[in-house]
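Note sheet for the following structure.
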Amino acid sequence: MEMELVLLTQQIMNGLVNGMTYVLIATGLTLVFGVLHIINFAHGEFYMLGAFFTFFAAKLLGLDYISAGIVATLGVAVLGILANRFFFWPLRKEHEFTVLLSSLGLALLLTNGGELIFGADPKYVASPFADGIVPLGPVIVTQQRMLIFAVGALVLVLLYLFIQKTRMGKMMRATAQNPEGAALTGVDIRRVYTVTFMVACGLAALAGALVGPTAMIFPTVGTWAVLKGFIVVVLGGLGSIPGALIGGLILGVVEALAGGYISMGFAQAIGFSIIIVVLLWRPNGLFGAARRA
Amino acid sequence: MMARFLPILAVAAALVLPLATSNTYFHHLLVLWMLYSLLALSLNIIVGYIGELSFGHAAFFGIGAYTAAILGMNFGFPGFPGLLMAGIVAGAFGFVIGYVALRIEGPQFVILTLGFGSIIFTTTNYWVDLTRGPMGISNIAPLGVGAGFELSSALDYYYLSLLLVVAFAYACHALMLSRTGRAFIAVRENAQLAASLGVDVFRTKLLAFVVATAVAGVAGAIFAHYLTVITPEVMSLNYMVAILIMVIVGGRGTIAGPILGALIYVGLLELLRATGALRMVIFAALLTVSVIFLPGGLVSLWRRFADRSTVRTARQAQVEAGE
């Protein structure tokens, strides 16, 4: 194959893998919005905690990478339950600005608390897959990146089945449509809140555990994560899980191409440029339903 | 009766406040308080009156600051007309961005303004020829008319910004009693109903957005002249969040709220300086606690107190029904 074409394929491949990271971050964000109508600014912090918990579970408990990642995901899912109990559930009847500011407060608390406890210096999550290489024809992908892609796809399928097939999933969908109506028919709204936050925070942490070995981690990485998450969620449509999948992959690929062919600085701003264009064309995103009155 | 004299008392107190000490650091904090008050009052028009949450407001503050700095440095533009130009340029950006973004509402509007803000921040960082990039612009001349009259001390800037805060607060008060102000509230409460009564919803929102961004630009210009240094940092997410905190913790949709919020922001961070590394953690905790227990902001405490101690007049009841 020609050199140009190989380069292009490699860029697209990198973009798809980065995109899958964005998908994992955005899925939890869109779930919380779709079911509970909450914009959670602290979502990125759970991503950060997932990466740091993996690091410390490996270092302090002597676990291997995969066990450490699972422990971190479960640990952060429990934190998600606590976050809901103290920061979101008590405000369920308040104005949306109040809830949003509460989540901002939580984000500040976790970032600064993280800096205090973990230290501001970057850390590196060790993984046995970080250096292994998988050749796919002319392009090269590391094993870690293949793992990100495979786990991401698996998790999305499981989440889809959970929401469509299980009793809890049905209760979540009912709450998304009409919380009062759902409560009247016997849906335990409190449990729906708890489970939604548990799943969303667990997903963010899983993303952190997976992405940790491909980049340095530091306590302020949550802001980066939540911004990417928002771009994807708005691009795909707030509350739409297929939207998060398509939106995340599009963002990953466009960023990789812009970074490769234009400039890295431009790649930072391109995400927001895309959503401005998309929102003007389709105000509810690519897959969004009309906003509830 | 009390309520009528309270603003006059507050202004009188603000006038004599800096005379309490000759400590220049204290004066510096007072200037920051006033400039942030002006900024928070301007964001309050969008958040409190038309009820949309803008995350891009710090960008207009930055545009005003950079306009004043660049006009002064590159074109030798004098200070006071520069303030006006800063307001006009920021307002023009506000017009274009508002024209695009205000077609969308709710959570999407939040993210869209965050997007515009981030693009302006990134552009400022990378357009080194114009803005000198992350280094920022330094040695900005102090405000003045020629060489004879210059604002040199923090005290001068305090009184200038106090004047602007009082004027703008009064303008907000007058606005809320006017037809236009009532249109703002009608749009916030129920846009469809407002439209059915003949309010042009989009134009009303755009007007509010442009006024708010222009005032933010003026505040930014004074900020640049006062500090004599400006970096893209003033447009960063930290600043966007900070202004929002002032408005909502103080009390959105009121005039005292944003001013109080700015005082809390400046004062609290200063008081917490002694706690060292714990500073931001304590600040975030206090912020979150105040949001959870006082969703209406600090001014709602006063309202609770006033409700209990006085018999409600018909007018008060009317004001509350309006909210």
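Residue numbering restarts at 1 for every chain of the structure tokens, chains are lettered A, B, ... in their displayed order, and ligands are numbered from 1 as they appear.
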### Task
Using only C-alpha atoms, find the residues of chain A whose closest atom to chain B is at most 8 Å away, then write them as a VMD selection string.
chain A and resid 39 87 90 to 91 94 97 to 98 101 to 102 105 to 106 108 to 109 112 to 113 116 230 to 231 234 265 268 to 269 272 to 273 275 to 276 279 to 280 283 to 284
### Message
Would you pick out the contacts of stretch 213-230 of chain B at 7 Å or less, using only C-alpha atoms, so that residues sharing its chain but fewer than 5 positions from it are not included, and give the list as an NGL selection string?
### Response
:B and (35 or 38-39 or 42 or 60-65 or 68-69 or 83-84 or 86-88 or 90-91 or 94 or 136-143 or 157)
For the residues selected in the previous step, produce a file with C-alpha atoms as a CSV table (one decimal), in the first residue's frame.
chain,number,residue,atom,x,y,z
B,35,LEU,CA,-14.7,44.1,39.5
B,38,LEU,CA,-19.7,43.9,38.1
B,39,LEU,CA,-18.9,40.7,36.2
B,42,SER,CA,-23.7,41.0,34.2
B,60,PHE,CA,-16.2,38.1,27.2
B,61,PHE,CA,-14.4,39.4,30.3
B,62,GLY,CA,-11.2,38.3,28.6
B,63,ILE,CA,-12.2,39.8,25.2
B,64,GLY,CA,-12.7,43.2,27.0
B,65,ALA,CA,-9.4,42.9,28.8
B,68,ALA,CA,-8.2,47.4,26.0
B,69,ALA,CA,-4.7,46.0,26.2
B,83,LEU,CA,-13.1,51.0,28.1
B,84,LEU,CA,-15.9,51.9,25.8
B,86,ALA,CA,-13.8,47.0,25.1
B,87,GLY,CA,-17.5,47.0,25.9
B,88,ILE,CA,-18.4,47.4,22.2
B,90,ALA,CA,-17.2,42.3,23.8
B,91,GLY,CA,-20.9,43.2,23.0
B,94,GLY,CA,-21.8,38.6,22.4
B,136,GLY,CA,0.1,37.3,28.0
B,137,ILE,CA,0.4,41.0,27.6
B,138,SER,CA,2.3,42.9,30.3
B,139,ASN,CA,3.1,46.6,31.0
B,140,ILE,CA,-0.4,47.7,30.2
B,141,ALA,CA,-0.7,51.5,30.9
B,142,PRO,CA,-2.9,52.5,33.8
B,143,LEU,CA,-6.2,54.2,33.0
B,157,TYR,CA,-9.7,51.7,40.8
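The environment of A:Asp188 within 10 Å, counting only C-alpha atoms and disregarding residues fewer than 5 places along the same chain, consists of Met168, Met171, Met172, Thr175, Pro179, Ala182, Ala183 and Tyr193 of chain A.
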### Query
Smallest atom-to-atom distance to A:Val253: which of A:Ala58, A:Leu110, A:Gly271, A:Phe46, using only C-alpha atoms?
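With only C-alpha atoms as the atom set, the closest residue is A:Gly271.
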### Task
Using DSSP on the backbone coordinates, identify the residues of stretch 8-54 of chain B assigned to alpha helix (DSSP H); present them as a ChimeraX atom specification.
/B:8-16,24-44
### Task
Rounded to one decimal place, report the atom CA of A:Gly15-atom CA of A:Pro242 distance in Å.
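Taking atom CA of A:Gly15 and atom CA of A:Pro242, their separation equals 18.1 Å.
Excluding B:Ser153 itself and same-chain residues fewer than 2 positions from it, the residues having an atom within 12 Å of it are Ser22, Asn23, Thr24, Tyr25, His27, His28, Val31, Pro142, Leu143, Gly144, Glu150, Leu151, Leu155, Asp156, Tyr157, Tyr158, Tyr159, Leu160, His225, Tyr226 and Leu227 of chain B, counting only C-alpha atoms.
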### Task
Name the closest residue to A:Glu115 among the candidates A:Leu227, A:Ile148, A:Leu24, A:Met48; distances are taken between atoms, counting only C-alpha atoms.
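With only C-alpha atoms as the atom set, the closest residue is A:Met48.
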### stretch 121-133 of chain A environment, 10 Å, only C-alpha atoms, sequence neighbours closer than 5 positions dropped, as a VMD selection string
chain A and resid 51 to 56 58 to 59 64 to 66 115 140 to 147 209 to 221
Could the residues in this selection be written to a file with N, CA and C atoms, as a compact mmCIF listing (two decimals), in the first residue's frame?
# COMPACT_ATOMS: atom_id res chain seq x y z
N ALA A 51 -8.63 5.67 37.34
CA ALA A 51 -7.22 5.51 36.97
C ALA A 51 -6.35 5.45 38.23
N PHE A 52 -6.59 6.35 39.19
CA PHE A 52 -5.75 6.38 40.39
C PHE A 52 -5.98 5.15 41.28
N PHE A 53 -7.24 4.71 41.39
CA PHE A 53 -7.50 3.53 42.19
C PHE A 53 -6.79 2.31 41.59
N THR A 54 -6.77 2.23 40.25
CA THR A 54 -6.06 1.13 39.60
C THR A 54 -4.58 1.19 39.97
N PHE A 55 -4.03 2.39 39.89
CA PHE A 55 -2.62 2.59 40.22
C PHE A 55 -2.32 2.15 41.64
N PHE A 56 -3.17 2.60 42.59
CA PHE A 56 -2.88 2.30 44.00
C PHE A 56 -3.22 0.86 44.37
N ALA A 58 -2.79 -1.64 42.44
CA ALA A 58 -1.65 -2.42 41.98
C ALA A 58 -0.45 -2.22 42.89
N LYS A 59 -0.25 -0.97 43.32
CA LYS A 59 0.95 -0.64 44.08
C LYS A 59 0.84 -1.09 45.54
N ASP A 64 -2.41 -7.67 40.21
CA ASP A 64 -2.04 -7.51 38.80
C ASP A 64 -2.98 -6.50 38.15
N TYR A 65 -2.64 -6.09 36.91
CA TYR A 65 -3.36 -4.98 36.28
C TYR A 65 -4.85 -5.24 36.18
N ILE A 66 -5.25 -6.43 35.74
CA ILE A 66 -6.68 -6.68 35.50
C ILE A 66 -7.46 -6.68 36.81
N GLU A 115 -5.62 15.97 44.44
CA GLU A 115 -4.29 16.58 44.39
C GLU A 115 -3.61 16.45 45.76
N ILE A 140 -0.49 -0.66 12.89
CA ILE A 140 -0.06 -1.27 14.15
C ILE A 140 -0.91 -0.74 15.29
N VAL A 141 -1.35 -1.62 16.17
CA VAL A 141 -2.10 -1.20 17.35
C VAL A 141 -1.50 -1.91 18.55
N THR A 142 -1.36 -1.19 19.69
CA THR A 142 -0.83 -1.88 20.87
C THR A 142 -1.94 -2.75 21.45
N GLN A 143 -1.49 -3.77 22.23
CA GLN A 143 -2.47 -4.67 22.86
C GLN A 143 -3.40 -3.91 23.78
N GLN A 144 -2.84 -2.91 24.49
CA GLN A 144 -3.65 -2.14 25.43
C GLN A 144 -4.80 -1.46 24.69
N ARG A 145 -4.48 -0.91 23.50
CA ARG A 145 -5.51 -0.20 22.74
C ARG A 145 -6.56 -1.18 22.20
N MET A 146 -6.12 -2.38 21.84
CA MET A 146 -7.07 -3.41 21.43
C MET A 146 -7.99 -3.75 22.60
N LEU A 147 -7.39 -3.82 23.80
CA LEU A 147 -8.16 -4.13 25.00
C LEU A 147 -9.22 -3.06 25.24
N ALA A 209 -9.41 3.16 34.21
CA ALA A 209 -8.52 2.01 34.40
C ALA A 209 -7.95 1.54 33.07
N LEU A 210 -8.76 1.62 32.00
CA LEU A 210 -8.29 1.16 30.69
C LEU A 210 -7.34 2.15 30.04
N VAL A 211 -7.64 3.45 30.17
CA VAL A 211 -6.85 4.47 29.47
C VAL A 211 -5.58 4.80 30.25
N GLY A 212 -5.62 4.59 31.59
CA GLY A 212 -4.47 4.90 32.44
C GLY A 212 -3.12 4.48 31.85
N PRO A 213 -2.97 3.24 31.40
CA PRO A 213 -1.66 2.80 30.89
C PRO A 213 -1.24 3.44 29.56
N THR A 214 -2.16 4.12 28.86
CA THR A 214 -1.76 4.70 27.57
C THR A 214 -1.31 6.15 27.72
N ALA A 215 -1.50 6.75 28.89
CA ALA A 215 -1.11 8.16 29.07
C ALA A 215 -0.80 8.37 30.54
N MET A 216 -0.11 9.45 30.84
CA MET A 216 0.14 9.81 32.23
C MET A 216 -1.18 10.19 32.89
N ILE A 217 -1.32 9.88 34.19
CA ILE A 217 -2.52 10.33 34.89
C ILE A 217 -2.15 11.36 35.94
N PHE A 218 -3.01 12.35 36.11
CA PHE A 218 -2.82 13.37 37.14
C PHE A 218 -4.20 13.80 37.62
N PRO A 219 -4.28 14.41 38.83
CA PRO A 219 -5.60 14.64 39.44
C PRO A 219 -6.51 15.58 38.65
N THR A 220 -5.97 16.39 37.75
CA THR A 220 -6.84 17.33 37.03
C THR A 220 -7.33 16.74 35.71
N VAL A 221 -7.05 15.47 35.46
CA VAL A 221 -7.42 14.86 34.18
C VAL A 221 -8.95 14.77 34.02
### DSSP strand (DSSP E or B) residues within stretch 69-271 of chain A, listed as a list in words
Lys123, Ile133, Val134, Pro135, Leu136, Val139, Ile140, Val141, Thr142 and Ile217 of chain A
### Query
Using only C-alpha atoms, which residues sit within 9 Å of stretch 76-83 of chain A once same-chain residues fewer than 4 positions away are excluded, as a ChimeraX atom specification?
/A:46-47,49-50,53,71-72,87-89,106,193-206
### Query
In Å, how far is it from atom CA of B:Leu177 to atom CA of B:Ser54?
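So the two atoms, atom CA of B:Leu177 and atom CA of B:Ser54, lie 24.0 Å apart.
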### Message
Which residues are near A:Thr30? Cut-off 7 Å, only C-alpha atoms, ignore same chain within fewer than 6 positions. Put them as a PyMOL selection string.
### Response
chain A and resi 233+238-241
Output of the above residues as a PDB file, in the first residue's frame, restricted to N, CA, C and O atoms:
ATOM      1  N   VAL A 233     -21.632  13.667  24.121  1.00  0.00           N
ATOM      2  CA  VAL A 233     -23.030  13.516  24.498  1.00  0.00           C
ATOM      3  C   VAL A 233     -23.924  14.488  23.727  1.00  0.00           C
ATOM      4  O   VAL A 233     -24.996  14.129  23.244  1.00  0.00           O
ATOM      5  N   LEU A 238     -28.264  14.218  23.847  1.00  0.00           N
ATOM      6  CA  LEU A 238     -28.276  13.990  25.294  1.00  0.00           C
ATOM      7  C   LEU A 238     -29.200  12.836  25.639  1.00  0.00           C
ATOM      8  O   LEU A 238     -30.358  12.831  25.219  1.00  0.00           O
ATOM      9  N   GLY A 239     -28.701  11.865  26.376  1.00  0.00           N
ATOM     10  CA  GLY A 239     -29.536  10.761  26.822  1.00  0.00           C
ATOM     11  C   GLY A 239     -29.554   9.572  25.888  1.00  0.00           C
ATOM     12  O   GLY A 239     -30.138   8.554  26.198  1.00  0.00           O
ATOM     13  N   SER A 240     -28.896   9.682  24.727  1.00  0.00           N
ATOM     14  CA  SER A 240     -28.936   8.581  23.773  1.00  0.00           C
ATOM     15  C   SER A 240     -27.654   7.759  23.817  1.00  0.00           C
ATOM     16  O   SER A 240     -26.560   8.295  23.607  1.00  0.00           O
ATOM     17  N   ILE A 241     -27.779   6.448  24.119  1.00  0.00           N
ATOM     18  CA  ILE A 241     -26.581   5.608  24.189  1.00  0.00           C
ATOM     19  C   ILE A 241     -26.014   5.298  22.788  1.00  0.00           C
ATOM     20  O   ILE A 241     -24.808   5.395  22.589  1.00  0.00           O
TER      21      ILE A 241
END
